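Colleague: For reference, this is target27.csv, and it has CSV, C-alpha atoms.
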chain,number,residue,atom,x,y,z
J,1,MET,CA,0.0,0.0,0.0
J,2,ASN,CA,1.3,3.4,-0.9
J,3,LEU,CA,-0.3,5.6,1.8
J,4,ASN,CA,0.5,8.7,-0.2
J,5,ILE,CA,-2.4,7.8,-2.5
J,6,LEU,CA,-4.7,8.6,0.4
J,7,GLN,CA,-3.5,12.2,0.7
J,8,GLU,CA,-6.3,14.7,-0.1
J,9,LYS,CA,-4.7,16.1,-3.3
J,10,ALA,CA,-4.2,12.6,-4.7
J,11,GLN,CA,-7.8,11.6,-3.9
J,12,VAL,CA,-9.2,14.8,-5.5
J,13,PHE,CA,-7.1,14.1,-8.6
J,14,ILE,CA,-8.4,10.5,-8.8
J,15,ALA,CA,-12.0,11.7,-8.4
J,16,ASP,CA,-11.6,14.5,-11.0
J,17,ASN,CA,-10.1,12.2,-13.6
J,18,LEU,CA,-12.6,9.3,-13.6
J,19,LYS,CA,-13.7,10.2,-17.2
J,20,THR,CA,-10.3,11.3,-18.4
J,21,ASP,CA,-8.6,9.5,-21.3
J,22,LEU,CA,-6.1,7.4,-19.4
J,23,THR,CA,-3.6,7.1,-22.3
J,24,LYS,CA,-3.2,10.9,-22.3
J,25,LEU,CA,-3.1,11.0,-18.5
J,26,ILE,CA,-0.2,8.5,-18.4
J,27,LEU,CA,1.7,10.3,-21.1
J,28,LYS,CA,1.5,13.5,-19.0
J,29,GLY,CA,3.1,11.7,-16.0
J,30,SER,CA,2.4,12.2,-12.3
J,31,SER,CA,2.1,15.5,-10.5
J,32,PHE,CA,2.9,13.8,-7.2
J,33,ASP,CA,6.5,13.0,-6.1
J,34,ALA,CA,5.4,10.0,-4.1
J,35,VAL,CA,2.7,8.5,-6.3
J,36,SER,CA,3.5,7.2,-9.8
J,37,VAL,CA,1.3,7.8,-12.7
J,38,GLN,CA,0.7,4.0,-13.0
J,39,GLU,CA,-0.6,4.0,-9.4
J,40,LEU,CA,-2.9,6.8,-10.2
J,41,ALA,CA,-4.2,5.1,-13.3
J,42,ASN,CA,-4.9,1.9,-11.4
J,43,GLN,CA,-6.8,3.8,-8.8
J,44,ILE,CA,-8.9,5.5,-11.5
J,45,VAL,CA,-9.6,2.3,-13.5
J,46,ALA,CA,-10.5,0.3,-10.3
J,47,LYS,CA,-12.8,3.0,-9.1
J,48,GLN,CA,-14.4,3.3,-12.5
J,49,LYS,CA,-15.1,-0.5,-12.3
J,50,SER,CA,-16.6,-0.1,-8.9
J,51,GLU,CA,-19.2,2.5,-9.7
J,52,HIS,CA,-22.0,0.1,-10.5
J,53,LYS,CA,-20.6,-3.1,-9.1
J,54,LEU,CA,-19.5,-1.8,-5.7
J,55,PRO,CA,-21.4,1.5,-5.0
J,56,THR,CA,-20.8,1.4,-1.3
J,57,TRP,CA,-17.0,1.6,-1.9
J,58,PHE,CA,-17.4,4.0,-4.8
J,59,CYS,CA,-19.4,6.5,-2.8
J,60,ALA,CA,-17.2,6.3,0.3
J,61,GLU,CA,-14.2,8.6,0.9
J,62,ASN,CA,-10.6,7.5,1.1
J,63,ILE,CA,-11.1,4.1,-0.3
J,64,TYR,CA,-7.9,2.4,-1.5
J,65,TYR,CA,-8.3,0.2,-4.6
J,66,PRO,CA,-6.2,-2.8,-5.3
J,67,ALA,CA,-5.1,-4.0,-8.8
J,68,LYS,CA,-8.0,-3.8,-11.1
J,69,ILE,CA,-8.1,-7.7,-11.5
J,70,SER,CA,-9.2,-7.9,-7.8
J,71,ILE,CA,-12.2,-5.7,-8.6
J,72,GLU,CA,-13.0,-7.7,-11.7
J,73,GLN,CA,-12.9,-11.0,-9.8
J,74,THR,CA,-14.7,-9.9,-6.6
J,75,SER,CA,-18.4,-10.5,-6.0
J,76,SER,CA,-20.7,-7.7,-6.8
J,77,GLU,CA,-22.7,-6.1,-4.0
J,78,ILE,CA,-25.9,-7.6,-5.5
J,79,THR,CA,-24.6,-11.2,-5.3
J,80,ALA,CA,-22.9,-10.6,-2.0
J,81,ASN,CA,-26.2,-9.4,-0.5
J,82,TYR,CA,-28.0,-12.5,-1.9
J,83,LYS,CA,-25.6,-15.0,-0.6
J,84,SER,CA,-25.3,-13.4,2.9
J,85,LYS,CA,-29.0,-14.3,3.5
J,86,LEU,CA,-28.4,-18.0,2.7
J,87,VAL,CA,-26.6,-18.7,6.0
J,88,SER,CA,-26.9,-17.7,9.6
J,89,GLY,CA,-25.3,-17.9,12.9
J,90,LYS,CA,-23.0,-15.8,15.1
J,91,THR,CA,-19.6,-16.5,13.5
J,92,ILE,CA,-18.4,-16.9,9.9
J,93,ILE,CA,-15.0,-17.2,8.4
J,94,ASP,CA,-14.1,-16.3,4.7
J,95,ILE,CA,-10.9,-18.3,4.1
J,96,THR,CA,-10.4,-16.7,0.6
J,97,GLY,CA,-11.3,-13.1,1.5
J,98,GLY,CA,-10.2,-11.2,-1.6
J,99,PHE,CA,-11.4,-7.5,-1.7
J,100,GLY,CA,-13.8,-8.3,1.2
J,101,VAL,CA,-17.2,-7.6,-0.4
J,102,ASP,CA,-18.8,-10.8,0.7
J,103,CYS,CA,-17.5,-10.3,4.3
J,104,LEU,CA,-19.0,-6.8,4.5
J,105,TYR,CA,-22.5,-8.3,3.7
J,106,PHE,CA,-21.9,-11.3,6.1
J,107,SER,CA,-21.2,-8.7,8.8
J,108,LYS,CA,-24.8,-7.6,8.5
J,109,GLN,CA,-26.0,-11.1,9.3
J,110,PHE,CA,-23.3,-12.4,11.7
J,111,SER,CA,-22.0,-11.0,15.0
J,112,LYS,CA,-18.3,-11.8,14.1
J,113,VAL,CA,-16.7,-12.2,10.7
J,114,MET,CA,-13.1,-13.4,10.0
J,115,HIS,CA,-11.5,-12.3,6.7
J,116,CYS,CA,-8.5,-14.3,5.6
J,117,GLU,CA,-6.4,-13.2,2.7
J,118,ILE,CA,-3.0,-14.6,1.6
J,119,ASN,CA,-1.9,-11.5,-0.3
J,120,ALA,CA,-0.5,-9.2,2.3
J,121,ASP,CA,-1.0,-6.0,0.3
J,122,LEU,CA,-4.6,-6.8,-0.4
J,123,SER,CA,-5.2,-7.8,3.2
J,124,SER,CA,-3.9,-4.4,4.3
J,125,ILE,CA,-6.1,-2.6,1.8
J,126,VAL,CA,-9.2,-4.5,3.0
J,127,LYS,CA,-8.4,-3.6,6.6
J,128,HIS,CA,-8.1,0.1,5.7
J,129,ASN,CA,-11.3,0.1,3.7
J,130,TYR,CA,-13.3,-1.5,6.5
J,131,GLN,CA,-12.2,1.3,8.8
J,132,GLN,CA,-13.3,3.9,6.2
J,133,LEU,CA,-16.7,2.1,6.0
J,134,ASN,CA,-17.0,2.0,9.8
J,135,ILE,CA,-17.2,-1.8,9.9
J,136,GLU,CA,-16.3,-3.0,13.4
J,137,ASN,CA,-17.2,-6.7,13.5
J,138,ILE,CA,-14.8,-8.0,10.9
J,139,ASP,CA,-11.3,-9.2,11.9
J,140,THR,CA,-8.7,-9.5,9.2
J,141,PHE,CA,-5.9,-12.2,9.0
J,142,THR,CA,-3.0,-12.1,6.5
J,143,GLY,CA,-2.2,-15.6,5.5
J,144,ASP,CA,-3.6,-18.9,4.2
J,145,GLY,CA,-7.2,-19.5,5.4
J,146,ILE,CA,-6.7,-23.3,5.7
J,147,ASP,CA,-3.6,-22.7,7.8
J,148,PHE,CA,-5.5,-20.3,10.0
J,149,LEU,CA,-8.2,-23.0,10.7
J,150,LYS,CA,-5.5,-25.6,11.4
J,151,ASN,CA,-3.8,-23.3,14.0
J,152,THR,CA,-6.9,-22.3,15.9
J,153,ASN,CA,-9.2,-24.1,18.3
J,154,GLN,CA,-12.1,-21.9,17.3
J,155,THR,CA,-15.0,-23.3,15.3
J,156,PHE,CA,-17.4,-21.3,13.2
J,157,ASP,CA,-21.1,-21.4,12.4
J,158,CYS,CA,-20.2,-21.2,8.7
J,159,ILE,CA,-17.1,-21.3,6.5
J,160,TYR,CA,-17.3,-19.4,3.2
J,161,ILE,CA,-14.9,-20.3,0.3
J,162,ASP,CA,-14.4,-18.7,-3.1
J,163,PRO,CA,-11.7,-20.9,-4.7
J,164,SER,CA,-9.4,-19.6,-7.5
J,165,ARG,CA,-7.8,-21.4,-10.3
J,166,ARG,CA,-4.4,-23.0,-9.5
J,167,ASN,CA,-1.5,-21.3,-11.2
J,168,ASP,CA,-0.2,-24.5,-12.7
J,169,VAL,CA,-3.4,-25.3,-14.5
J,170,LYS,CA,-3.6,-23.9,-18.0
J,171,GLY,CA,-6.9,-22.9,-19.7
J,172,LYS,CA,-10.3,-23.1,-18.2
J,173,VAL,CA,-10.9,-25.0,-15.0
J,174,PHE,CA,-13.9,-27.4,-14.7
J,175,LEU,CA,-13.2,-29.3,-11.5
J,176,LEU,CA,-13.0,-28.1,-7.9
J,177,LYS,CA,-9.8,-30.1,-7.4
J,178,ASP,CA,-8.1,-27.8,-9.9
J,179,CYS,CA,-8.8,-24.8,-7.7
J,180,LEU,CA,-7.2,-23.3,-4.6
J,181,PRO,CA,-8.0,-24.2,-1.9
J,182,ASN,CA,-8.7,-27.8,-3.0
J,183,VAL,CA,-12.0,-28.1,-1.3
J,184,PRO,CA,-12.6,-31.8,-2.0
J,185,GLU,CA,-9.2,-32.6,-0.5
J,186,HIS,CA,-9.9,-30.6,2.7
J,187,ILE,CA,-13.6,-31.3,3.0
J,188,ASP,CA,-13.4,-33.6,6.1
J,189,PHE,CA,-11.1,-31.1,7.9
J,190,LEU,CA,-13.4,-28.2,7.1
J,191,PHE,CA,-16.3,-30.0,8.6
J,192,SER,CA,-14.4,-30.5,11.8
J,193,LYS,CA,-14.5,-26.7,12.1
J,194,THR,CA,-18.1,-26.0,11.1
J,195,ASN,CA,-21.4,-27.7,10.3
J,196,GLN,CA,-22.1,-25.4,7.3
J,197,ILE,CA,-20.0,-24.5,4.2
J,198,LEU,CA,-21.0,-22.0,1.6
J,199,LEU,CA,-18.9,-22.5,-1.6
J,200,LYS,CA,-18.9,-20.1,-4.5
J,201,ASN,CA,-18.1,-21.6,-7.9
J,202,SER,CA,-17.2,-20.1,-11.3
J,203,PRO,CA,-20.2,-20.3,-13.7
J,204,ILE,CA,-18.0,-22.5,-16.0
J,205,LEU,CA,-17.8,-25.3,-13.5
J,206,ASP,CA,-20.0,-28.3,-14.1
J,207,ILE,CA,-22.7,-28.7,-11.4
J,208,SER,CA,-22.9,-32.5,-11.6
J,209,SER,CA,-19.1,-32.9,-11.4
J,210,ALA,CA,-19.0,-30.5,-8.4
J,211,ILE,CA,-21.7,-32.5,-6.6
J,212,SER,CA,-19.7,-35.7,-7.1
J,213,GLU,CA,-16.5,-34.1,-5.7
J,214,LEU,CA,-18.3,-32.7,-2.6
J,215,LYS,CA,-20.1,-34.1,0.5
J,216,PHE,CA,-23.4,-33.2,2.1
J,217,VAL,CA,-24.7,-30.8,-0.6
J,218,LYS,CA,-28.0,-29.4,0.5
J,219,GLU,CA,-28.7,-26.5,-1.9
J,220,ILE,CA,-27.4,-25.1,-5.2
J,221,HIS,CA,-28.0,-21.5,-6.1
J,222,VAL,CA,-27.5,-20.2,-9.6
J,223,ILE,CA,-27.4,-16.4,-9.7
J,224,ALA,CA,-27.7,-14.4,-12.9
J,225,ILE,CA,-27.8,-10.7,-13.3
J,226,LYS,CA,-29.6,-9.4,-16.5
J,227,ASN,CA,-29.5,-12.9,-17.9
J,228,GLU,CA,-25.8,-13.4,-17.3
J,229,VAL,CA,-24.8,-16.1,-14.8
J,230,LYS,CA,-22.5,-14.6,-12.3
J,231,GLU,CA,-22.2,-17.3,-9.5
J,232,VAL,CA,-23.0,-20.8,-8.7
J,233,LEU,CA,-23.3,-21.4,-4.9
J,234,PHE,CA,-23.2,-24.8,-3.1
J,235,LEU,CA,-24.5,-24.9,0.4
J,236,LEU,CA,-23.2,-27.9,2.3
J,237,GLU,CA,-24.5,-29.0,5.7
J,238,LYS,CA,-22.7,-31.6,7.8
J,239,ASN,CA,-24.3,-35.1,7.5
J,240,TYR,CA,-27.0,-33.9,5.1
J,241,GLU,CA,-28.2,-36.8,3.0
J,242,ASN,CA,-31.6,-35.7,1.6
J,243,SER,CA,-32.4,-34.5,-1.9
J,244,ILE,CA,-30.6,-31.4,-3.3
J,245,GLN,CA,-32.6,-28.3,-3.9
J,246,VAL,CA,-31.7,-26.2,-6.9
J,247,LYS,CA,-32.7,-22.5,-6.7
J,248,THR,CA,-32.2,-20.2,-9.7
J,249,ILE,CA,-32.6,-16.5,-9.8
J,250,ASN,CA,-32.3,-14.0,-12.6
J,251,LEU,CA,-32.1,-10.4,-11.2
J,252,ILE,CA,-33.3,-7.7,-13.7
J,253,GLY,CA,-33.4,-4.3,-12.0
J,254,LYS,CA,-35.9,-4.6,-9.1
J,255,ASN,CA,-37.4,-7.7,-10.6
J,256,ALA,CA,-36.4,-11.3,-9.9
J,257,GLN,CA,-37.2,-14.4,-12.0
J,258,LYS,CA,-37.1,-17.4,-9.7
J,259,PHE,CA,-37.4,-21.1,-10.4
J,260,GLU,CA,-36.7,-24.1,-8.0
J,261,PHE,CA,-36.5,-27.8,-8.4
J,262,ASP,CA,-35.3,-31.0,-6.8
J,263,PHE,CA,-32.0,-32.1,-8.4
J,264,ASN,CA,-32.6,-35.7,-7.6
J,265,GLU,CA,-36.2,-35.9,-8.9
J,266,GLU,CA,-36.5,-37.7,-12.3
J,267,VAL,CA,-39.1,-36.1,-14.5
J,268,ALA,CA,-40.0,-36.4,-18.2
J,269,SER,CA,-41.1,-33.8,-20.7
J,270,ASN,CA,-44.0,-33.9,-23.1
J,271,TYR,CA,-43.2,-32.8,-26.7
J,272,ALA,CA,-45.2,-30.9,-29.2
J,273,ALA,CA,-44.9,-28.9,-32.4
J,274,PRO,CA,-44.8,-25.1,-31.7
J,275,LEU,CA,-48.2,-23.9,-30.6
J,276,THR,CA,-49.3,-20.3,-29.9
J,277,TYR,CA,-46.5,-19.1,-27.6
J,278,LEU,CA,-42.8,-19.8,-27.4
J,279,TYR,CA,-40.6,-19.6,-24.3
J,280,GLU,CA,-36.8,-19.3,-23.8
J,281,PRO,CA,-35.5,-20.0,-20.3
J,282,ASN,CA,-33.2,-17.5,-18.6
J,283,ALA,CA,-29.5,-18.1,-18.3
J,284,ALA,CA,-29.7,-19.3,-14.7
J,285,ILE,CA,-32.2,-22.0,-15.6
J,286,LEU,CA,-30.1,-23.1,-18.6
J,287,LYS,CA,-27.0,-23.4,-16.3
J,288,SER,CA,-29.0,-25.3,-13.7
J,289,GLY,CA,-29.9,-28.1,-16.1
J,290,GLY,CA,-33.5,-28.1,-15.1
J,291,PHE,CA,-34.8,-28.6,-18.6
J,292,HIS,CA,-37.4,-31.2,-17.9
J,293,GLN,CA,-38.3,-29.8,-14.5
J,294,ILE,CA,-39.5,-26.5,-15.9
J,295,ALA,CA,-41.6,-28.2,-18.5
J,296,SER,CA,-43.2,-30.4,-15.9
J,297,GLN,CA,-43.8,-27.7,-13.3
J,298,LEU,CA,-45.2,-25.1,-15.7
J,299,HIS,CA,-47.1,-27.6,-17.8
J,300,LEU,CA,-45.3,-26.8,-21.0
J,301,PHE,CA,-44.4,-28.8,-24.1
J,302,LYS,CA,-40.7,-29.1,-25.1
J,303,LEU,CA,-39.9,-28.8,-28.9
J,304,HIS,CA,-37.2,-31.4,-28.7
J,305,GLN,CA,-35.2,-33.2,-26.1
J,306,HIS,CA,-32.1,-31.0,-26.8
J,307,SER,CA,-33.6,-27.8,-28.0
J,308,HIS,CA,-34.6,-26.3,-24.5
J,309,LEU,CA,-37.4,-24.2,-26.1
J,310,TYR,CA,-40.9,-24.6,-24.8
J,311,THR,CA,-44.4,-23.9,-26.1
J,312,SER,CA,-48.0,-23.6,-24.9
J,313,GLU,CA,-51.4,-22.7,-26.2
J,314,ASN,CA,-52.1,-20.2,-23.4
J,315,LEU,CA,-49.7,-17.5,-22.2
J,316,ILE,CA,-48.1,-18.1,-18.8
J,317,ASP,CA,-45.8,-16.1,-16.6
J,318,PHE,CA,-42.4,-17.6,-17.5
J,319,PRO,CA,-38.9,-17.1,-16.0
J,320,GLY,CA,-37.2,-16.1,-19.2
J,321,ARG,CA,-38.3,-14.6,-22.5
J,322,SER,CA,-41.8,-15.1,-23.9
J,323,PHE,CA,-42.9,-14.8,-27.6
J,324,LYS,CA,-46.0,-14.9,-29.7
J,325,ILE,CA,-45.5,-17.3,-32.6
J,326,LEU,CA,-46.3,-15.7,-36.0
J,327,GLU,CA,-45.2,-18.3,-38.5
J,328,ILE,CA,-43.2,-21.6,-38.7
J,329,VAL,CA,-41.3,-22.7,-41.8
J,330,ASN,CA,-38.8,-25.5,-42.6
J,331,TYR,CA,-35.3,-24.3,-42.8
J,332,ASP,CA,-34.9,-22.8,-46.3
J,333,LYS,CA,-33.0,-19.6,-46.8
J,334,LYS,CA,-35.4,-18.4,-49.6
J,335,LYS,CA,-38.4,-18.9,-47.4
J,336,ILE,CA,-36.7,-17.2,-44.5
J,337,LYS,CA,-35.8,-14.1,-46.6
J,338,LYS,CA,-39.5,-13.8,-47.5
J,339,LEU,CA,-40.4,-13.9,-43.8
J,340,ILE,CA,-38.4,-10.8,-43.1
J,341,PRO,CA,-38.9,-8.2,-45.9
J,342,GLU,CA,-37.2,-5.5,-43.8
J,343,LYS,CA,-34.0,-7.7,-43.8
J,344,LYS,CA,-33.5,-7.2,-40.1
J,345,ALA,CA,-34.1,-9.7,-37.3
J,346,ASN,CA,-32.9,-10.9,-33.9
J,347,ILE,CA,-31.7,-14.5,-34.4
J,348,THR,CA,-31.3,-17.3,-31.8
J,349,THR,CA,-30.2,-20.9,-32.4
J,350,ARG,CA,-31.0,-23.8,-30.1
J,351,ASN,CA,-30.0,-27.3,-31.1
J,352,PHE,CA,-29.3,-26.2,-34.7
J,353,PRO,CA,-26.3,-27.2,-36.9
J,354,LYS,CA,-25.5,-23.7,-38.1
J,355,THR,CA,-24.3,-20.7,-36.2
J,356,VAL,CA,-26.0,-17.3,-36.1
J,357,ALA,CA,-23.1,-15.9,-38.2
J,358,GLN,CA,-23.6,-18.6,-40.8
J,359,ILE,CA,-27.4,-17.9,-40.9
J,360,ARG,CA,-26.8,-14.2,-41.3
J,361,LYS,CA,-24.4,-14.8,-44.1
J,362,GLU,CA,-26.8,-17.1,-46.0
J,363,THR,CA,-29.9,-14.9,-45.5
J,364,HIS,CA,-28.3,-11.4,-45.5
J,365,LEU,CA,-30.3,-10.5,-42.4
J,366,THR,CA,-28.8,-7.8,-40.2
J,367,ASP,CA,-29.2,-7.7,-36.4
J,368,GLY,CA,-32.0,-5.8,-34.6
J,369,GLY,CA,-35.6,-4.8,-35.3
J,370,ASN,CA,-38.8,-6.2,-33.9
J,371,SER,CA,-38.7,-9.7,-35.5
J,372,TYR,CA,-37.3,-12.7,-33.6
J,373,LEU,CA,-36.2,-15.8,-35.4
J,374,PHE,CA,-35.6,-19.1,-33.6
J,375,PHE,CA,-33.7,-21.7,-35.5
J,376,THR,CA,-34.1,-25.1,-33.9
J,377,THR,CA,-34.9,-28.8,-34.3
J,378,ASP,CA,-38.4,-30.1,-33.7
J,379,ALA,CA,-39.6,-33.4,-32.2
J,380,GLN,CA,-39.5,-35.0,-35.6
J,381,ASN,CA,-35.9,-33.9,-36.0
J,382,LYS,CA,-36.7,-31.4,-38.7
J,383,LEU,CA,-34.8,-28.1,-38.9
J,384,ILE,CA,-37.3,-25.3,-38.5
J,385,CYS,CA,-37.4,-21.5,-38.2
J,386,ILE,CA,-40.0,-19.9,-35.9
J,387,LEU,CA,-40.9,-16.2,-36.5
J,388,CYS,CA,-42.0,-14.5,-33.3
J,389,SER,CA,-42.8,-11.2,-31.8
J,390,LYS,CA,-41.6,-10.6,-28.3
J,391,ILE,CA,-44.0,-10.2,-25.4
J,392,ASP,CA,-42.7,-7.5,-23.0
J,393,ALA,CA,-42.4,-8.5,-19.4
What's the structure tokens form of this structure?
Modeller:
Amino acid sequence: MNLNILQEKAQVFIADNLKTDLTKLILKGSSFDAVSVQELANQIVAKQKSEHKLPTWFCAENIYYPAKISIEQTSSEITANYKSKLVSGKTIIDITGGFGVDCLYFSKQFSKVMHCEINADLSSIVKHNYQQLNIENIDTFTGDGIDFLKNTNQTFDCIYIDPSRRNDVKGKVFLLKDCLPNVPEHIDFLFSKTNQILLKNSPILDISSAISELKFVKEIHVIAIKNEVKEVLFLLEKNYENSIQVKTINLIGKNAQKFEFDFNEEVASNYAAPLTYLYEPNAAILKSGGFHQIASQLHLFKLHQHSHLYTSENLIDFPGRSFKILEIVNYDKKKIKKLIPEKKANITTRNFPKTVAQIRKETHLTDGGNSYLFFTTDAQNKLICILCSKIDA
């Protein structure tokens, strides 16, 4: 931490240059002897990224920002608030503390919070920021969270973990054992320190694989914001052996699309040709894998086993996008061109052998407009195109 960044003139400079062209600013150099222009630029970029993601920090005075990657990787306040209400008790420890957003929201639900962060500089930053935010029930520890638990006699009502990719693993990570800490390896030890674990996973991790790697999974929460999956949470409870509940939520402004199902329940879908209305599930449901459960619960027909599009004769309130079907044709680029005389349409493919880019190239349709085209496969394995108008939520 360079404490000179917190001097009033430096803070004013950062606030005054949030909309400045950083390339030009860097070329001018720093006006401060003890603060480099690179440090100033990082503070500006990190604060810019916090405006909508972390408004509590953005609006507070004398906040010190870490490297911008820490801001990019941290939970948003929206998801932190959601997950803080999934667990309860008096004490909680976050063994992978990061920038400390989750801990701040846990501090609203728990009497005492322990924040562990292995990066000494980041740990110092978090401690400073909590002081600026007047948070008094969070203790910070600089070091490995697993080591902290091994060296303390204390137990906790909950352990929170947000594993990161191991440095020696190249490319995308799909298994928990390839993350740090290795939760499957430490699972028995962790349950000697708590009866409840809340585990945050990257959206790219496979849910079924994670379940097979873990123990005592009670709930899975899939959180999307504006139809983009941000987090997949696993709530583990010691000795829990009953069915796993999957809870999906898609947050759009003040509205929330929710859908829940039993992961272990086997259900089957009914299939039909497109009827009057077409439905596309939101991203949280698609990630959860509840393709048959949503058809069963909402009494909808699926177009095809692998298409994940649904239809009904009567309009229902659906957790996703809803459309009125205007016309259905077999896949033929000449027919499709005639469907859209204005040559502009929103295109979606589901279980279809061609990409959106390939379809646009063949049909010369540009993006946008009020027409929606779904290219998919029906229950008879025919390639079809469905012309729709969108039903506003």
Colleague: Smallest atom-to-atom distance to Thr23 in chain J: which of J:Val37, J:Cys59, J:Val113, J:Leu175, using all atoms listed in the file?
Modeller: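 Smallest separation from Thr23 in chain J among the options: J:Val37.
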Colleague: So which residues touch range 389-391 of chain J within 10 Å, counting all atoms listed in the file, skipping near sequence neighbours fewer than 5 positions away, as an NGL selection string?
Modeller: :J and (277-279 or 315 or 321-326 or 370-373)
Colleague: In Å, rounded to a single decimal, give me how far CA of Asn250 in chain J is from CA of Ile359 in chain J.
Modeller: 29.0 Å
Colleague: I need the residue nearest Lys200 in chain J from this list: J:Glu266, J:Gly145, J:Gly97, J:Glu228. Use all atoms listed in the file for the distance.
Modeller: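 Of all the options, J:Gly97 lies closest to Lys200 in chain J.
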Colleague: Can you find the residues with an atom no farther than 9 Å from (-14.7, -21.6, -7.4), counting all atoms listed in the file, and report them as a PyMOL selection string?
Modeller: chain J and resi 161-165+175-176+179-180+199-203+205+231-233
Colleague: Mind pulling up the distance from CA of Phe156 in chain J to CA of Ile118 in chain J?
Modeller: 19.7 Å
Colleague: Pick out the closest residue to Thr152 in chain J from this set: J:Ser288, J:Ser212, J:Thr20, J:Ser192. Count all atoms listed in the file.
Modeller: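 The shortest atom-to-atom distance to Thr152 in chain J comes from J:Ser192.
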Colleague: Please compute the CA of Ile211 in chain J-CA of Asn195 in chain J distance, one decimal, in Å.
Modeller: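 These atoms are spaced 17.6 Å apart.
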Colleague: Find the residues with any atom within 12 Å of (-18.0, 3.7, -5.2); use all atoms listed in the file and the coordinates as given in the file, and write the answer as a PyMOL selection string.
Modeller: chain J and resi 15+18+43-65+71+76-77+129+133
Colleague: Within 9 Å of range 80-85 of chain J, counting all atoms listed in the file, which residues qualify if same-chain residues fewer than 5 places away don't, as a list in words?
Modeller: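 In the requested form, the answer reads Ser75, Val101, Asp102, Cys103, Leu104, Tyr105, Phe106, Ser107, Lys108, Gln109, Leu198, His221, Ile223 and Leu233 of chain J.
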Colleague: I'd like to know which of J:Ser123, J:Thr355, J:Gln257, J:Ser209 is closest to Ala283 in chain J, using all atoms listed in the file.
Modeller: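 Closest to Ala283 in chain J of all the choices is J:Gln257.
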Colleague: Taking 4 positions as the minimum chain separation for residues in the same chain, which residues sit within 10 Å of Phe291 in chain J when counting only C-alpha atoms? Answer as a ChimeraX atom specification.
Modeller: /J:267-269,281,285-287,295-296,302,305-310
Colleague: Which residues are near range 237-240 of chain J? Cut-off 9 Å, all atoms listed in the file, ignore same chain within fewer than 5 positions. Put them as a ChimeraX atom specification.
Modeller: /J:191,194-198,215-218
Colleague: Go ahead and save the residues from that selection, with C-alpha atoms, as a PDB file, in the coordinates of the input.
Modeller:
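again20.pdb, freshly written:
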ATOM      1  CA  PHE J 191     -16.300 -30.000   8.600  1.00  0.00           C
ATOM      2  CA  THR J 194     -18.100 -26.000  11.100  1.00  0.00           C
ATOM      3  CA  ASN J 195     -21.400 -27.700  10.300  1.00  0.00           C
ATOM      4  CA  GLN J 196     -22.100 -25.400   7.300  1.00  0.00           C
ATOM      5  CA  ILE J 197     -20.000 -24.500   4.200  1.00  0.00           C
ATOM      6  CA  LEU J 198     -21.000 -22.000   1.600  1.00  0.00           C
ATOM      7  CA  LYS J 215     -20.100 -34.100   0.500  1.00  0.00           C
ATOM      8  CA  PHE J 216     -23.400 -33.200   2.100  1.00  0.00           C
ATOM      9  CA  VAL J 217     -24.700 -30.800  -0.600  1.00  0.00           C
ATOM     10  CA  LYS J 218     -28.000 -29.400   0.500  1.00  0.00           C
TER      11      LYS J 218
END
Colleague: Got a moment to write range 246-256 of chain J out with N, CA and C atoms, as a compact mmCIF listing (two decimals), in the first residue's frame?
Modeller:
# COMPACT_ATOMS: atom_id res chain seq x y z
N VAL J 246 -32.30 -27.13 -5.98
CA VAL J 246 -31.65 -26.18 -6.89
C VAL J 246 -32.54 -24.95 -6.98
N LYS J 247 -31.94 -23.78 -6.72
CA LYS J 247 -32.69 -22.53 -6.74
C LYS J 247 -32.02 -21.56 -7.70
N THR J 248 -32.77 -21.15 -8.72
CA THR J 248 -32.23 -20.23 -9.71
C THR J 248 -32.88 -18.86 -9.55
N ILE J 249 -32.09 -17.84 -9.81
CA ILE J 249 -32.62 -16.47 -9.76
C ILE J 249 -31.95 -15.64 -10.83
N ASN J 250 -32.76 -14.88 -11.55
CA ASN J 250 -32.27 -13.96 -12.57
C ASN J 250 -32.73 -12.56 -12.15
N LEU J 251 -31.78 -11.73 -11.75
CA LEU J 251 -32.08 -10.40 -11.23
C LEU J 251 -32.03 -9.38 -12.37
N ILE J 252 -33.17 -8.73 -12.61
CA ILE J 252 -33.25 -7.71 -13.66
C ILE J 252 -33.82 -6.46 -13.02
N GLY J 253 -32.93 -5.52 -12.68
CA GLY J 253 -33.38 -4.34 -11.96
C GLY J 253 -33.98 -4.73 -10.61
N LYS J 254 -35.20 -4.30 -10.36
CA LYS J 254 -35.88 -4.63 -9.11
C LYS J 254 -36.68 -5.92 -9.22
N ASN J 255 -36.70 -6.51 -10.40
CA ASN J 255 -37.45 -7.75 -10.61
C ASN J 255 -36.53 -8.96 -10.48
N ALA J 256 -37.13 -10.08 -10.09
CA ALA J 256 -36.37 -11.32 -9.94
C ALA J 256 -37.18 -12.48 -10.50
